[in-house]
Amino acid sequence: MPVMLRQCLDMLAPALAEPGAVVVDCTLGLGGHSEALLTRFPGARLVALDRDKEALRLSGERLAPFGERATLVHAVYDELPEVLDRLGLPRVQGVLFDLGVSSMQLDEAERGFAYAQDAPLDMRMDQTTGVSAAEVLNTYPPGELVRILRAYGEEKQAKRIVAAIVREREKEPFTTSARLVELIRDALPQAAKRTGGNPAKRTFQALRIEVNGELAVLERAIPAAVKALAVGGRIAVLSYHSLEDRLVKQVFAAGAATTAPPGLPVVPEHHQPRLKLLTRGAELPTEEEVAENRRAAPARLRGAERVREDAE
């Protein structure tokens, strides 16, 4: 079930009304948002990116009825400028990001994303490249593991968990998720287990972000997407944890601010904001949606409209 679907479509609608509008779904997944975009905006063309080949195959079947209106590309979303360049699309009218892990990746046990079932510790969104979560656990120095758990998982007990990981990996390397979940449960003090759901959640999030370079990719991708927008174009971003949301907020806030020195009586055109914010803070899913789809619970939606070209 695509998260906050109506809100995303409504946010992008003013930019996609004209025939020939191009909308980019930077995180295709199983194609739920893309299918809805093509259905609601019959004059629009879709470019959709995903680093997961299996997701591309499945969503390709789903979007086949739309024929040439949908172009699916195997790429990470920070490769957006190169993809648009190859397709001869200097500017687009809409961009959508639905960050985090797709439902398919969570539901297929062998991908190793979910802490609720035993599986190989992989966590790569593109299984053809990069290091797995097991390699991170088994080979990273303790200090680096602590940094990852603190920075990407906001895990207060990082030192305690890493000490247990280092002790255990010397006996036998980590290969499956169940052993890691059990170790985390044993390593945490009682008080830490009482709050915030599954005690392994933060560690798994941190490993996933590290394995896929998610924050570094996002740091490049959001400014690139804003740059690709035509004037009047709109961008909508769904985040699922505070690190992603903070990054999106910072890029949007910078674009919506004047760059003129303070105190000027008139702000020159090239110092005017490039973006207009479309949300006050972040929009949240409704209680009804969360009741129907628990994966929507942590979602935060932010949007912006391009109101001016960059100053030369």
# chains A, B, ... in the order shown; residues from 1 in each chain; ligands from 1
$ residues_around --residues "segment 200-213 of chain A" --least-positions-apart "6" --cutoff "7 Å" --atoms "only C-alpha atoms" --output "PyMOL selection string"
chain A and resi 115+123-125+131-133+148-149+152-155+181+184
$ select_by_dssp --residues "segment 7-238 of chain A" --states "helix (DSSP H, G or I)" --output "PyMOL selection string"
chain A and resi 7-16+32-40+53-69+77-86+103-107+109-111+133-139+142-153+158-171+177-187+190-193+201-212+214-228
$ closest_residue --among "A:Arg179, A:Arg220, A:Arg45, A:His241" --to "Arg69 of chain A" --atoms "only C-alpha atoms"
A:Arg45
$ residues_around --residues "segment 89-102 of chain A" --least-positions-apart "6" --cutoff "6 Å" --atoms "only C-alpha atoms" --output "list in words"
Ala15, Ala21, Val22, Val23, Val24, Asp25, Cys26, Thr27, Gly29, Ala228, Leu229, Ala230, Gly233, Arg234, Ile235, Ala236, Val237, Leu238 and Ser239 of chain A
$ write_last_selection --atoms "N, CA and C atoms" --output "CSV table (one decimal), in the first residue's frame"
chain,number,residue,atom,x,y,z
A,15,ALA,N,1.7,20.9,-10.7
A,15,ALA,CA,2.8,20.9,-11.7
A,15,ALA,C,2.6,19.9,-12.8
A,21,ALA,N,4.0,16.8,-19.2
A,21,ALA,CA,4.8,17.0,-18.0
A,21,ALA,C,5.5,15.7,-17.7
A,22,VAL,N,6.7,15.9,-17.1
A,22,VAL,CA,7.6,14.7,-16.8
A,22,VAL,C,7.7,14.6,-15.3
A,23,VAL,N,7.3,13.5,-14.7
A,23,VAL,CA,7.5,13.3,-13.3
A,23,VAL,C,8.4,12.1,-13.0
A,24,VAL,N,9.3,12.3,-12.0
A,24,VAL,CA,10.3,11.3,-11.7
A,24,VAL,C,10.0,10.7,-10.4
A,25,ASP,N,9.8,9.4,-10.4
A,25,ASP,CA,9.7,8.6,-9.1
A,25,ASP,C,11.1,8.1,-8.8
A,26,CYS,N,11.8,8.7,-7.8
A,26,CYS,CA,13.2,8.3,-7.6
A,26,CYS,C,13.3,7.0,-6.8
A,27,THR,N,12.2,6.5,-6.3
A,27,THR,CA,12.2,5.3,-5.5
A,27,THR,C,11.1,4.4,-5.9
A,29,GLY,N,10.3,1.1,-6.2
A,29,GLY,CA,9.8,0.0,-5.3
A,29,GLY,C,8.9,-0.9,-6.1
A,228,ALA,N,16.9,19.9,-10.9
A,228,ALA,CA,16.3,19.4,-12.1
A,228,ALA,C,14.9,20.0,-12.4
A,229,LEU,N,14.3,20.6,-11.3
A,229,LEU,CA,12.9,21.1,-11.5
A,229,LEU,C,12.8,22.3,-12.3
A,230,ALA,N,11.9,22.3,-13.2
A,230,ALA,CA,11.5,23.5,-14.0
A,230,ALA,C,10.9,24.5,-13.0
A,233,GLY,N,7.8,23.6,-11.1
A,233,GLY,CA,7.8,22.2,-10.8
A,233,GLY,C,7.8,22.0,-9.3
A,234,ARG,N,7.4,20.7,-8.9
A,234,ARG,CA,7.2,20.5,-7.5
A,234,ARG,C,7.9,19.2,-7.1
A,235,ILE,N,8.4,19.1,-5.8
A,235,ILE,CA,9.1,17.9,-5.3
A,235,ILE,C,8.4,17.5,-4.0
A,236,ALA,N,8.1,16.2,-3.8
A,236,ALA,CA,7.5,15.7,-2.6
A,236,ALA,C,8.4,14.6,-2.1
A,237,VAL,N,8.7,14.6,-0.8
A,237,VAL,CA,9.7,13.7,-0.2
A,237,VAL,C,9.0,13.0,1.1
A,238,LEU,N,8.9,11.7,1.1
A,238,LEU,CA,8.5,11.0,2.2
A,238,LEU,C,9.7,10.4,3.0
A,239,SER,N,9.9,10.8,4.2
A,239,SER,CA,11.0,10.3,5.1
A,239,SER,C,10.4,9.4,6.2
$ select_by_dssp --residues "segment 59-214 of chain A" --states "strand (DSSP E or B)" --output "MDAnalysis selection string"
chainID A and resid 70:74 92:98 120 176
